[in-house]
Amino acid sequence: MIKVSVYRDRTLIEKAYTSDEGRYSVDVPRGELVTVRFDTHHSLTNAEDWHPSVVTNVIADDESPINRYLLKSGHGVDPESAMDALSGYLFATEWEDEDYARTAESRLSRLKQTSEVLQGIQRNLQEYFKARAT
């Protein structure tokens with residue numbers, strides 16, 4: 001039940017939810033340059049267990065598998081995965097509401113960063129979502 005959202009030019013064009021096996025299918029016009037976002041929905045009981053992920057500049061063709069594994073909240077992390085999660089939260093600032101902000105702020109508090117630069121970005125995102133949640 002991970003939400004898969006596809007955007008073109010900042011416009012949502014398709015969304016789907018993964019099956020129990022993690023499979024999903026979306027219809028996107030062939031050859032389009034899109035951004036694909038993976039995230040939990042705030043209403044799920046395990047919404048706070050996972051960090052989001054974003055894949056940008058995807059060119060859609062007939063069958064473009066995108067294999068993503070969401071980062072588990074509170075676990076050790078490599079810098080690339082941490083940056084991917086931060087990108088997911090940054091992307092969410094454009095579209096999500098107060099309900100999402102509440103879970104995002106909580107999830108961000110458990111994201112472990114290895115660099116001061118990423119820690120600063122994380123703090124700024126936490127402050128943004130905290131203010132958005134009120």
# chains A, B, ... in the order shown; residues from 1 in each chain; ligands from 1
call {"tool": "residues_around", "arguments": {"residues": "Met83 (chain A)", "least_positions_apart": "6", "cutoff": "10 Å", "atoms": "only C-alpha atoms", "output": "PyMOL selection string"}}
result
chain A and resi 53+77+89+113+118+121-122
call {"tool": "select_by_dssp", "arguments": {"residues": "chain A", "states": "strand (DSSP E or B)", "output": "VMD selection string"}}
result
chain A and resid 3 to 8 11 to 17 33 to 39 50 53 to 59 72
call {"tool": "closest_residue", "arguments": {"among": "A:Tyr7, A:Phe38, A:Trp50, A:Tyr128", "to": "Asp97 (chain A)", "atoms": "only C-alpha atoms"}}
result
A:Tyr128
call {"tool": "select_by_dssp", "arguments": {"residues": "region 55-127 of chain A", "states": "alpha helix (DSSP H)", "output": "ChimeraX atom specification"}}
result
/A:79-92,98-108,116-127
call {"tool": "atom_distance", "arguments": {"atom1": "CA of Arg123 (chain A)", "atom2": "CA of Asp49 (chain A)"}}
result
19.0 Å
call {"tool": "residues_around", "arguments": {"residues": "Asp27 (chain A)", "least_positions_apart": "2", "cutoff": "9 Å", "atoms": "only C-alpha atoms", "output": "PDB file with N, CA and C atoms, in the first residue's frame"}}
result
ATOM      1  N   ILE A  13      -0.369  13.381 -12.787  1.00  0.00           N
ATOM      2  CA  ILE A  13      -1.043  12.821 -13.959  1.00  0.00           C
ATOM      3  C   ILE A  13      -1.550  11.407 -13.730  1.00  0.00           C
ATOM      4  N   GLU A  14      -1.037  10.731 -12.701  1.00  0.00           N
ATOM      5  CA  GLU A  14      -1.483   9.356 -12.441  1.00  0.00           C
ATOM      6  C   GLU A  14      -1.035   8.954 -11.041  1.00  0.00           C
ATOM      7  N   LYS A  15      -1.838   8.107 -10.397  1.00  0.00           N
ATOM      8  CA  LYS A  15      -1.402   7.543  -9.116  1.00  0.00           C
ATOM      9  C   LYS A  15      -1.943   6.130  -8.983  1.00  0.00           C
ATOM     10  N   SER A  25       1.073  -0.416 -11.303  1.00  0.00           N
ATOM     11  CA  SER A  25       1.034  -0.089 -12.722  1.00  0.00           C
ATOM     12  C   SER A  25       0.388   1.278 -12.868  1.00  0.00           C
ATOM     13  N   PRO A  29       1.709   8.541 -20.824  1.00  0.00           N
ATOM     14  CA  PRO A  29       1.979   8.601 -22.260  1.00  0.00           C
ATOM     15  C   PRO A  29       3.443   8.282 -22.574  1.00  0.00           C
ATOM     16  N   ARG A  30       3.642   7.420 -23.526  1.00  0.00           N
ATOM     17  CA  ARG A  30       4.990   6.976 -23.916  1.00  0.00           C
ATOM     18  C   ARG A  30       5.861   8.179 -24.298  1.00  0.00           C
TER      19      ARG A  30
END
call {"tool": "closest_residue", "arguments": {"among": "A:Leu12, A:Val26, A:Ala47, A:Ala85", "to": "Asp61 (chain A)", "atoms": "only C-alpha atoms"}}
result
A:Val26
